[in-house]
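Worksheet: one structure, shown below.
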Amino acid sequence: MARLIALRGLWRERIYYREELKRLAEDGPQRVDDVGLTLAAVKAELQKPFWEA
């Protein structure tokens, strides 16, 4: 049961992280560059389902 709770937490972190990346990308490419990523890397990350690392 503890593993399921931990897995759910991990998935929620990924969802949050990807939502933040989406916001950065919508704000502009300079914001994405500020965190050391490219727009292509952000787009690739946003295409992933929450269960995929």
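Starting from 1 in every chain, residues are counted up; chains themselves are A, B, ... following the order of the structure tokens, and ligands are numbered from 1 as listed.
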
Would you list the contacts of range 15-29 of chain A as an NGL selection string, taking every protein, DNA or RNA residue within 7 Å and counting only C-alpha atoms, but skipping same-chain residues closer than 4 positions in sequence?
:A and (11 or 33 or 39 or 42 or 46 or 50)

Any chance you could list, as a PyMOL selection string, the residues in chain A that come up helix (DSSP H, G or I) when DSSP is run on the backbone?
chain A and resi 2-27+29-34+39-47

File of the preceding selection, N, CA and C atoms, as a CSV table (one decimal), in the first residue's frame:
chain,number,residue,atom,x,y,z
A,2,ALA,N,1.9,1.2,0.8
A,2,ALA,CA,2.8,2.4,0.8
A,2,ALA,C,3.5,2.7,-0.5
A,3,ARG,N,3.7,1.6,-1.3
A,3,ARG,CA,4.3,1.9,-2.6
A,3,ARG,C,3.3,2.5,-3.6
A,4,LEU,N,2.0,2.2,-3.4
A,4,LEU,CA,1.0,2.9,-4.2
A,4,LEU,C,0.9,4.4,-3.9
A,5,ILE,N,1.0,4.7,-2.6
A,5,ILE,CA,0.9,6.0,-2.2
A,5,ILE,C,2.1,6.8,-2.7
A,6,ALA,N,3.3,6.2,-2.6
A,6,ALA,CA,4.5,6.8,-3.1
A,6,ALA,C,4.4,7.0,-4.7
A,7,LEU,N,3.9,6.1,-5.4
A,7,LEU,CA,3.8,6.2,-6.8
A,7,LEU,C,2.8,7.3,-7.2
A,8,ARG,N,1.7,7.4,-6.5
A,8,ARG,CA,0.7,8.4,-6.7
A,8,ARG,C,1.4,9.8,-6.5
A,9,GLY,N,2.2,9.9,-5.5
A,9,GLY,CA,2.9,11.2,-5.2
A,9,GLY,C,3.9,11.5,-6.3
A,10,LEU,N,4.6,10.5,-6.8
A,10,LEU,CA,5.5,10.7,-7.9
A,10,LEU,C,4.8,11.2,-9.2
A,11,TRP,N,3.6,10.6,-9.5
A,11,TRP,CA,2.8,11.0,-10.6
A,11,TRP,C,2.3,12.4,-10.5
A,12,ARG,N,1.9,12.8,-9.3
A,12,ARG,CA,1.5,14.2,-9.0
A,12,ARG,C,2.6,15.2,-9.2
A,13,GLU,N,3.8,14.8,-8.8
A,13,GLU,CA,5.0,15.7,-9.1
A,13,GLU,C,5.2,15.9,-10.5
A,14,ARG,N,5.1,14.8,-11.3
A,14,ARG,CA,5.3,14.9,-12.8
A,14,ARG,C,4.3,15.8,-13.4
A,15,ILE,N,3.1,15.6,-13.0
A,15,ILE,CA,2.0,16.5,-13.5
A,15,ILE,C,2.3,17.9,-13.2
A,16,TYR,N,2.6,18.2,-12.0
A,16,TYR,CA,2.9,19.6,-11.6
A,16,TYR,C,4.1,20.2,-12.4
A,17,TYR,N,5.2,19.4,-12.5
A,17,TYR,CA,6.4,19.8,-13.2
A,17,TYR,C,6.0,20.1,-14.7
A,18,ARG,N,5.2,19.3,-15.3
A,18,ARG,CA,4.9,19.5,-16.7
A,18,ARG,C,3.9,20.6,-16.9
A,19,GLU,N,3.1,20.9,-15.9
A,19,GLU,CA,2.2,22.1,-16.0
A,19,GLU,C,3.0,23.3,-15.9
A,20,GLU,N,4.1,23.3,-15.0
A,20,GLU,CA,5.0,24.5,-14.9
A,20,GLU,C,5.7,24.7,-16.2
A,21,LEU,N,6.2,23.6,-16.8
A,21,LEU,CA,6.9,23.7,-18.1
A,21,LEU,C,6.0,24.3,-19.1
A,22,LYS,N,4.8,23.9,-19.1
A,22,LYS,CA,3.8,24.5,-20.1
A,22,LYS,C,3.6,26.0,-19.9
A,23,ARG,N,3.5,26.4,-18.6
A,23,ARG,CA,3.4,27.8,-18.3
A,23,ARG,C,4.6,28.6,-18.8
A,24,LEU,N,5.8,28.0,-18.6
A,24,LEU,CA,7.0,28.7,-19.0
A,24,LEU,C,7.0,28.8,-20.5
A,25,ALA,N,6.7,27.8,-21.2
A,25,ALA,CA,6.7,27.8,-22.7
A,25,ALA,C,5.7,28.8,-23.2
A,26,GLU,N,4.5,28.9,-22.5
A,26,GLU,CA,3.5,29.9,-23.0
A,26,GLU,C,4.0,31.3,-22.7
A,27,ASP,N,4.8,31.5,-21.7
A,27,ASP,CA,5.3,32.9,-21.4
A,27,ASP,C,6.4,33.3,-22.4
A,29,PRO,N,9.9,31.8,-25.1
A,29,PRO,CA,11.1,31.0,-25.2
A,29,PRO,C,12.2,31.5,-24.3
A,30,GLN,N,12.3,32.7,-23.9
A,30,GLN,CA,13.3,33.2,-23.0
A,30,GLN,C,13.1,32.6,-21.6
A,31,ARG,N,11.9,32.4,-21.2
A,31,ARG,CA,11.7,31.7,-19.9
A,31,ARG,C,12.1,30.3,-19.9
A,32,VAL,N,11.9,29.6,-21.0
A,32,VAL,CA,12.4,28.2,-21.1
A,32,VAL,C,13.9,28.2,-21.1
A,33,ASP,N,14.5,29.1,-21.8
A,33,ASP,CA,16.0,29.2,-21.8
A,33,ASP,C,16.5,29.5,-20.4
A,34,ASP,N,15.8,30.3,-19.6
A,34,ASP,CA,16.3,30.6,-18.3
A,34,ASP,C,16.5,29.4,-17.4
A,39,LEU,N,12.9,24.8,-26.4
A,39,LEU,CA,11.5,24.6,-26.6
A,39,LEU,C,11.2,23.1,-27.1
A,40,ALA,N,12.1,22.6,-27.9
A,40,ALA,CA,11.9,21.2,-28.4
A,40,ALA,C,11.9,20.2,-27.2
A,41,ALA,N,12.8,20.4,-26.2
A,41,ALA,CA,12.8,19.5,-25.0
A,41,ALA,C,11.6,19.7,-24.2
A,42,VAL,N,11.1,20.9,-24.1
A,42,VAL,CA,9.8,21.1,-23.4
A,42,VAL,C,8.7,20.5,-24.1
A,43,LYS,N,8.6,20.6,-25.4
A,43,LYS,CA,7.5,20.0,-26.1
A,43,LYS,C,7.5,18.5,-26.0
A,44,ALA,N,8.7,17.9,-26.1
A,44,ALA,CA,8.9,16.5,-25.9
A,44,ALA,C,8.4,16.0,-24.5
A,45,GLU,N,8.8,16.8,-23.5
A,45,GLU,CA,8.4,16.4,-22.1
A,45,GLU,C,6.9,16.5,-22.0
A,46,LEU,N,6.2,17.5,-22.6
A,46,LEU,CA,4.8,17.7,-22.5
A,46,LEU,C,4.0,16.6,-23.2
A,47,GLN,N,4.6,16.0,-24.1
A,47,GLN,CA,3.9,14.9,-24.8
A,47,GLN,C,3.9,13.6,-24.0
